[in-house]
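Chemist: So here's upload_0.pdb, just PDB, C-alpha atoms:
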```pdb
ATOM      1  CA  MET A   1       0.000   0.000   0.000
ATOM      2  CA  GLU A   2       1.379   3.414  -0.934
ATOM      3  CA  LYS A   3       0.338   5.437   2.098
ATOM      4  CA  THR A   4       3.038   5.473   4.762
ATOM      5  CA  ASP A   5       2.122   8.369   7.092
ATOM      6  CA  ARG A   6       0.901   7.425  10.573
ATOM      7  CA  THR A   7      -1.865   9.926  11.090
ATOM      8  CA  GLY A   8      -2.798  11.391   7.732
ATOM      9  CA  PRO A   9      -4.767  14.538   6.982
ATOM     10  CA  VAL A  10      -8.234  15.281   8.297
ATOM     11  CA  LEU A  11      -9.199  17.075   5.075
ATOM     12  CA  VAL A  12      -7.644  17.145   1.610
ATOM     13  CA  LEU A  13      -8.894  19.946  -0.655
ATOM     14  CA  VAL A  14      -7.752  19.185  -4.197
ATOM     15  CA  PHE A  15      -7.902  22.189  -6.551
ATOM     16  CA  SER A  16      -7.799  22.185 -10.329
ATOM     17  CA  GLY A  17      -7.994  24.919 -12.910
ATOM     18  CA  LYS A  18      -6.500  26.127 -16.141
ATOM     19  CA  ARG A  19      -3.521  28.455 -16.372
ATOM     20  CA  LYS A  20      -4.299  31.907 -14.974
ATOM     21  CA  SER A  21      -7.613  30.736 -13.509
ATOM     22  CA  GLY A  22      -6.319  31.851 -10.123
ATOM     23  CA  LYS A  23      -6.102  28.495  -8.339
ATOM     24  CA  ASP A  24      -2.867  29.504  -6.571
ATOM     25  CA  HIS A  25      -4.532  32.739  -5.468
ATOM     26  CA  VAL A  26      -7.454  30.762  -4.055
ATOM     27  CA  THR A  27      -5.258  28.350  -2.093
ATOM     28  CA  ASP A  28      -3.168  31.281  -0.811
ATOM     29  CA  LEU A  29      -6.356  32.965   0.425
ATOM     30  CA  LEU A  30      -7.470  29.794   2.168
ATOM     31  CA  GLN A  31      -4.134  29.305   3.886
ATOM     32  CA  ALA A  32      -4.127  32.937   5.013
ATOM     33  CA  ARG A  33      -7.532  32.320   6.592
ATOM     34  CA  LEU A  34      -6.662  28.942   8.127
ATOM     35  CA  GLY A  35      -3.073  29.588   9.167
ATOM     36  CA  THR A  36       0.046  27.523   8.601
ATOM     37  CA  LYS A  37      -0.390  25.407  11.730
ATOM     38  CA  VAL A  38      -3.703  24.081  10.416
ATOM     39  CA  SER A  39      -3.042  24.001   6.671
ATOM     40  CA  CYS A  40      -0.287  23.468   4.153
ATOM     41  CA  ILE A  41      -0.203  24.098   0.428
ATOM     42  CA  VAL A  42       0.777  21.011  -1.542
ATOM     43  CA  ARG A  43       2.048  21.746  -5.043
ATOM     44  CA  LEU A  44       2.206  18.637  -7.188
ATOM     45  CA  SER A  45       4.383  20.537  -9.648
ATOM     46  CA  GLY A  46       6.968  21.265  -6.926
ATOM     47  CA  PRO A  47       8.871  17.953  -7.024
ATOM     48  CA  LEU A  48       8.459  17.805 -10.794
ATOM     49  CA  LYS A  49      10.084  21.210 -11.204
ATOM     50  CA  GLN A  50      12.792  20.402  -8.661
ATOM     51  CA  GLN A  51      13.826  17.240 -10.480
ATOM     52  CA  PHE A  52      13.483  18.887 -13.888
ATOM     53  CA  ALA A  53      15.681  21.795 -12.762
ATOM     54  CA  GLN A  54      18.346  19.426 -11.445
ATOM     55  CA  ASN A  55      18.352  17.351 -14.620
ATOM     56  CA  HIS A  56      18.601  20.378 -16.911
ATOM     57  CA  GLY A  57      20.687  22.821 -14.855
ATOM     58  CA  LEU A  58      17.882  25.374 -14.445
ATOM     59  CA  ASP A  59      16.991  27.908 -11.730
ATOM     60  CA  LEU A  60      14.431  26.193  -9.486
ATOM     61  CA  ASN A  61      13.199  29.406  -7.841
ATOM     62  CA  LEU A  62      12.379  30.917 -11.218
ATOM     63  CA  LEU A  63      10.663  27.694 -12.321
ATOM     64  CA  LEU A  64       8.494  27.846  -9.191
ATOM     65  CA  GLY A  65       7.520  31.466  -9.905
ATOM     66  CA  THR A  66       4.881  32.886 -12.211
ATOM     67  CA  GLY A  67       7.098  34.782 -14.649
ATOM     68  CA  PRO A  68       8.282  34.183 -18.222
ATOM     69  CA  TYR A  69      11.190  31.936 -17.201
ATOM     70  CA  LYS A  70       8.804  29.122 -16.285
ATOM     71  CA  GLU A  71       6.757  29.603 -19.431
ATOM     72  CA  GLN A  72       9.695  29.101 -21.784
ATOM     73  CA  PHE A  73      10.323  25.643 -20.304
ATOM     74  CA  ARG A  74       6.687  24.654 -19.673
ATOM     75  CA  SER A  75       6.204  22.512 -22.797
ATOM     76  CA  GLN A  76       9.443  20.610 -22.183
ATOM     77  CA  MET A  77       8.537  20.101 -18.507
ATOM     78  CA  ILE A  78       5.136  18.752 -19.478
ATOM     79  CA  GLN A  79       6.645  16.167 -21.793
ATOM     80  CA  TRP A  80       9.207  15.118 -19.195
ATOM     81  CA  GLY A  81       6.580  14.891 -16.457
ATOM     82  CA  GLU A  82       4.266  12.793 -18.607
ATOM     83  CA  ALA A  83       7.060  10.289 -19.168
ATOM     84  CA  GLN A  84       7.525   9.980 -15.391
ATOM     85  CA  ARG A  85       3.795   9.511 -14.801
ATOM     86  CA  ARG A  86       3.500   6.839 -17.455
ATOM     87  CA  SER A  87       5.967   4.724 -15.520
ATOM     88  CA  ASP A  88       4.516   5.619 -12.079
ATOM     89  CA  PRO A  89       1.203   7.583 -11.936
ATOM     90  CA  GLY A  90       1.509   8.366  -8.224
ATOM     91  CA  PHE A  91       5.167   9.426  -8.286
ATOM     92  CA  PHE A  92       4.721  13.200  -7.944
ATOM     93  CA  CYS A  93       1.763  12.925  -5.552
ATOM     94  CA  ARG A  94       3.837  10.862  -3.118
ATOM     95  CA  LEU A  95       6.785  13.247  -3.313
ATOM     96  CA  ALA A  96       4.613  16.341  -2.892
ATOM     97  CA  THR A  97       2.812  15.047   0.203
ATOM     98  CA  ARG A  98       5.603  13.231   2.037
ATOM     99  CA  ASP A  99       6.406  16.177   4.336
ATOM    100  CA  ALA A 100       2.823  17.385   4.853
ATOM    101  CA  THR A 101       1.903  17.162   8.548
ATOM    102  CA  GLN A 102      -0.919  19.694   8.980
ATOM    103  CA  PRO A 103      -4.511  18.448   9.290
ATOM    104  CA  VAL A 104      -5.716  20.333   6.189
ATOM    105  CA  TRP A 105      -3.961  19.889   2.859
ATOM    106  CA  LEU A 106      -4.554  22.418   0.076
ATOM    107  CA  VAL A 107      -3.471  20.693  -3.132
ATOM    108  CA  SER A 108      -3.150  23.647  -5.474
ATOM    109  CA  ASP A 109      -2.548  22.143  -8.902
ATOM    110  CA  ALA A 110      -4.182  18.811  -9.766
ATOM    111  CA  ARG A 111      -4.113  18.469 -13.542
ATOM    112  CA  ARG A 112      -4.920  14.870 -14.431
ATOM    113  CA  ILE A 113      -7.425  12.154 -13.648
ATOM    114  CA  SER A 114      -4.525  10.157 -12.200
ATOM    115  CA  ASP A 115      -3.916  12.976  -9.656
ATOM    116  CA  LEU A 116      -7.522  12.890  -8.468
ATOM    117  CA  ALA A 117      -7.535   9.095  -8.451
ATOM    118  CA  TRP A 118      -4.458   8.960  -6.235
ATOM    119  CA  PHE A 119      -6.003  11.176  -3.548
ATOM    120  CA  GLN A 120      -9.353   9.411  -3.842
ATOM    121  CA  THR A 121      -7.617   6.065  -3.332
ATOM    122  CA  GLN A 122      -5.250   7.131  -0.576
ATOM    123  CA  TYR A 123      -7.651   9.423   1.332
ATOM    124  CA  PRO A 124     -11.197   8.532   0.232
ATOM    125  CA  ALA A 125     -12.993   9.956   3.269
ATOM    126  CA  GLN A 126     -10.904  13.130   3.486
ATOM    127  CA  SER A 127     -10.715  14.266  -0.140
ATOM    128  CA  ARG A 128     -12.842  16.990  -1.717
ATOM    129  CA  PHE A 129     -12.362  18.193  -5.293
ATOM    130  CA  ILE A 130     -12.675  21.838  -6.330
ATOM    131  CA  ARG A 131     -12.548  23.385  -9.800
ATOM    132  CA  VAL A 132     -11.462  27.022 -10.159
ATOM    133  CA  GLN A 133     -12.536  28.586 -13.431
ATOM    134  CA  CYS A 134     -12.929  31.911 -15.188
ATOM    135  CA  SER A 135     -13.496  33.229 -18.684
ATOM    136  CA  ASP A 136     -10.735  33.327 -21.283
ATOM    137  CA  GLN A 137     -11.111  37.113 -21.231
ATOM    138  CA  THR A 138     -10.246  37.178 -17.538
ATOM    139  CA  ARG A 139      -7.348  34.771 -18.075
ATOM    140  CA  THR A 140      -6.040  37.016 -20.851
ATOM    141  CA  SER A 141      -6.188  40.020 -18.531
ATOM    142  CA  ARG A 142      -3.944  38.050 -16.167
ATOM    143  CA  GLY A 143      -1.355  37.434 -18.871
ATOM    144  CA  TRP A 144      -2.599  34.241 -20.532
ATOM    145  CA  SER A 145      -2.373  33.588 -24.240
ATOM    146  CA  PHE A 146      -2.964  30.293 -26.008
ATOM    147  CA  THR A 147       0.211  28.250 -26.480
ATOM    148  CA  ALA A 148       0.120  25.144 -28.682
ATOM    149  CA  GLY A 149       1.551  22.105 -26.936
ATOM    150  CA  VAL A 150       0.633  23.570 -23.553
ATOM    151  CA  ASP A 151      -2.988  24.722 -23.564
ATOM    152  CA  ASP A 152      -4.105  21.749 -25.667
ATOM    153  CA  ALA A 153      -2.097  19.197 -23.631
ATOM    154  CA  GLU A 154      -3.450  16.810 -20.987
ATOM    155  CA  SER A 155      -1.963  19.005 -18.258
ATOM    156  CA  GLU A 156      -4.470  21.732 -19.205
ATOM    157  CA  CYS A 157      -7.367  19.701 -20.614
ATOM    158  CA  GLY A 158      -7.295  16.421 -18.714
ATOM    159  CA  LEU A 159      -9.911  17.531 -16.171
ATOM    160  CA  ASP A 160     -12.167  19.562 -18.470
ATOM    161  CA  SER A 161     -14.885  16.902 -18.375
ATOM    162  CA  GLY A 162     -15.847  13.647 -16.685
ATOM    163  CA  VAL A 163     -15.225  14.868 -13.119
ATOM    164  CA  GLU A 164     -17.862  15.339 -10.425
ATOM    165  CA  TRP A 165     -16.552  18.364  -8.540
ATOM    166  CA  ASP A 166     -17.604  19.003  -4.954
ATOM    167  CA  TRP A 167     -17.395  22.734  -5.659
ATOM    168  CA  ILE A 168     -16.931  24.846  -8.781
ATOM    169  CA  ILE A 169     -15.534  28.292  -7.970
ATOM    170  CA  SER A 170     -15.898  31.137 -10.465
ATOM    171  CA  ASN A 171     -12.920  33.461 -10.075
ATOM    172  CA  GLU A 172     -13.561  36.474 -12.290
ATOM    173  CA  GLY A 173     -11.735  38.974 -10.106
ATOM    174  CA  ASP A 174     -14.472  40.097  -7.690
ATOM    175  CA  PRO A 175     -12.983  39.612  -4.180
ATOM    176  CA  GLN A 176     -16.323  39.613  -2.356
ATOM    177  CA  ASP A 177     -17.888  37.157  -4.785
ATOM    178  CA  LEU A 178     -14.899  34.856  -4.400
ATOM    179  CA  LYS A 179     -15.082  35.118  -0.611
ATOM    180  CA  ASP A 180     -18.797  34.239  -0.657
ATOM    181  CA  GLN A 181     -18.191  31.185  -2.841
ATOM    182  CA  LEU A 182     -15.344  29.991  -0.619
ATOM    183  CA  ARG A 183     -17.298  30.329   2.621
ATOM    184  CA  PRO A 184     -18.535  26.696   2.776
ATOM    185  CA  VAL A 185     -15.036  25.470   1.895
ATOM    186  CA  ILE A 186     -13.524  27.602   4.662
ATOM    187  CA  ASP A 187     -16.150  26.431   7.161
ATOM    188  CA  LEU A 188     -15.388  22.805   6.366
ATOM    189  CA  ALA A 189     -11.633  23.408   6.639
ATOM    190  CA  LEU A 190     -11.942  25.257   9.952
ATOM    191  CA  LYS A 191     -13.949  22.388  11.357
ATOM    192  CA  ALA A 192     -11.410  19.866  10.095
ATOM    193  CA  GLY A 193      -8.561  21.903  11.546
ATOM    194  CA  SER A 194     -10.042  21.587  15.015
ATOM    195  CA  GLU A 195     -10.414  17.796  14.823
ATOM    196  CA  PRO A 196      -7.795  15.120  15.574
ATOM    197  CA  GLY A 197      -6.302  13.129  12.730
ATOM    198  CA  PRO A 198      -7.927   9.822  11.741
ATOM    199  CA  ASN A 199      -5.391   7.724  13.650
ATOM    200  CA  GLN A 200      -4.609  10.097  16.463
ATOM    201  CA  ASP A 201      -5.663   9.564  20.076
TER     202      ASP A 201
END
```
Any chance you could give the structure as structure tokens?

Modeler:
Amino acid sequence: MEKTDRTGPVLVLVFSGKRKSGKDHVTDLLQARLGTKVSCIVRLSGPLKQQFAQNHGLDLNLLLGTGPYKEQFRSQMIQWGEAQRRSDPGFFCRLATRDATQPVWLVSDARRISDLAWFQTQYPAQSRFIRVQCSDQTRTSRGWSFTAGVDDAESECGLDSGVEWDWIISNEGDPQDLKDQLRPVIDLALKAGSEPGPNQD
């Protein structure tokens, strides 16, 4: 069995969304509300980028950022990551969560059915799945433009259909509207943060 942690999370909030949909912004807002003792942000792309940077002699900090440096290597990273997942679908999920100890996990960047399946299998009672979306016009205003080999790849399109989301969050740039939509998610996370882990005394 893959899961090796002794206590495990109380709640796993798995977020998905296209580039510039604002999923990182949403998970940052949630962590600011919950605090770092209760919650941690899990980035599935973190270990992928770390290994990719090591293999190719790149600047990891810039790859982890949101600027143009990451974008120029994105297509190559996608291809490399897909090759790793074909040999081991849960590889990056295991790496990304191995140091997570807080009761609430905020998984900021699920991109594939295999990502959702891993959390559903490992933490079936704790996992909730959330889609962050916005119009292409809003994405464009945030710096997005269509890139062949990226925006039509599985990493961007793999979760466009066939998923039953627990919540769908529309993030068009209205802070109050976003706050209102996130209220039930925050309430659930606050409750989970006050509960003991599934195997704790």

Chemist: In Å to one decimal, how far is CA of Leu11 in chain A from CA of Gln126 in chain A?

Modeler: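 Calculated distance between CA of Gln126 in chain A and CA of Leu11 in chain A is 4.6 Å.
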
Chemist: Which neighbours of range 28-34 of chain A fall inside 12 Å, counting all atoms listed in the file, when residues of the same chain fewer than 5 positions from it are skipped, and could you give them as an MDAnalysis selection string?

Modeler: chainID A and resid 13 15 22:23 39:43 102:108 175 178:179 181:194

Chemist: Between A:Ile78, A:Leu48, A:Ala83, A:Ile169, which residue has the minimum interatomic distance to Gln133 in chain A, considering all atoms listed in the file?

Modeler: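 Closest to Gln133 in chain A of all the choices is A:Ile169.
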
Chemist: Leaving out Val150 in chain A and any residue of its chain fewer than 3 positions from it, which residues lie within 9 Å of it when counting all atoms listed in the file, given as an MDAnalysis selection string?

Modeler: chainID A and resid 74:75 78 146:147 153:156

Chemist: Write out as JSON lines a residue-level contact list of range 23-84 of chain A versus range 135-142 of chain A with cut-off 12 Å: for each qualifying residue the closest pair of atoms and the distance in Å to one decimal, counting all atoms listed in the file, rows sorted by chain and residue number upward.

Modeler:
```
{"residue": "A:Lys23", "atom": "CA", "partner": "A:Arg139", "partner_atom": "CA", "distance": 11.7}
{"residue": "A:His25", "atom": "CA", "partner": "A:Arg142", "partner_atom": "CA", "distance": 12.0}
{"residue": "A:Thr66", "atom": "CA", "partner": "A:Arg142", "partner_atom": "CA", "distance": 11.0}
{"residue": "A:Gly67", "atom": "CA", "partner": "A:Arg142", "partner_atom": "CA", "distance": 11.6}
```

Chemist: So the first atom is CA of Trp165 in chain A and the second is CA of Asp152 in chain A; what is the distance between them in Å, to one decimal place?

Modeler: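 Atom-to-atom, CA of Trp165 in chain A and CA of Asp152 in chain A are spaced 21.4 Å apart.
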
Chemist: Assuming the chain letters and numbering stay as they are in my file, what does the PyMOL selection byres ((chain A and resi 110) around 8) actually select? List them as a ChimeraX atom specification.

Modeler: /A:14-17,44,107-109,111-112,115-116

Chemist: Using C-alpha atoms, can you export the residues from the last selection as a short mmCIF file (atom, residue, chain, number, x, y, z; two decimals), in the frame of the given file?

Modeler:
```
data_model
loop_
_atom_site.label_atom_id
_atom_site.label_comp_id
_atom_site.auth_asym_id
_atom_site.auth_seq_id
_atom_site.Cartn_x
_atom_site.Cartn_y
_atom_site.Cartn_z
CA VAL A 14 -7.75 19.18 -4.20
CA PHE A 15 -7.90 22.19 -6.55
CA SER A 16 -7.80 22.18 -10.33
CA GLY A 17 -7.99 24.92 -12.91
CA LEU A 44 2.21 18.64 -7.19
CA VAL A 107 -3.47 20.69 -3.13
CA SER A 108 -3.15 23.65 -5.47
CA ASP A 109 -2.55 22.14 -8.90
CA ARG A 111 -4.11 18.47 -13.54
CA ARG A 112 -4.92 14.87 -14.43
CA ASP A 115 -3.92 12.98 -9.66
CA LEU A 116 -7.52 12.89 -8.47
#
```

Chemist: I would like the residues chosen by the PyMOL selection byres ((chain A and resi 127) around 10) on the shown file; could you give them as JSON, numbers by chain?

Modeler: {"A": [9, 10, 11, 12, 13, 14, 105, 116, 119, 120, 121, 122, 123, 124, 125, 126, 128, 129, 130, 166]}

Chemist: Distance CA of Gln76 in chain A-CA of Ala53 in chain A, one decimal place?

Modeler: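 Here the two named atoms are 11.4 Å from each other.
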
Chemist: With 4 Å of padding per side, what axis-aligned box (centre and edge lengths, Å, one decimal) covers all the listed atoms of range 161-172 of chain A? Give it as lines of an AutoDock Vina configuration file.

Modeler:
```
center_x = -15.4
center_y = 25.1
center_z = -11.7
size_x = 12.9
size_y = 30.8
size_z = 21.4
```

Chemist: On this structure, the PyMOL selection byres ((chain A and resi 159) around 7) would catch which residues? List them as a list of chain:residue names, sorted by chain and number.

Modeler: A:Arg111, A:Arg112, A:Ile113, A:Cys157, A:Gly158, A:Asp160, A:Ser161, A:Val163

Chemist: Counting all atoms listed in the file, figure out which residue out of A:Glu71, A:Glu164, A:Asp180, A:Glu82 gets nearest to Gly143 in chain A.

Modeler: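 Ranked by minimum distance to Gly143 in chain A, first place goes to A:Glu71.
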
Chemist: Mind checking which residues fall within 12 Å of Phe91 in chain A, counting all atoms listed in the file, ignoring those fewer than 4 positions away in the same chain, and posting them as a list in words?

Modeler: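 Returned residues: Glu2, Leu44, Ser45, Pro47, Leu48, Gln51, Gly81, Glu82, Ala83, Gln84, Arg85, Arg86, Ser87, Leu95, Ala96, Thr97, Arg98, Ser114, Asp115 and Trp118 of chain A.
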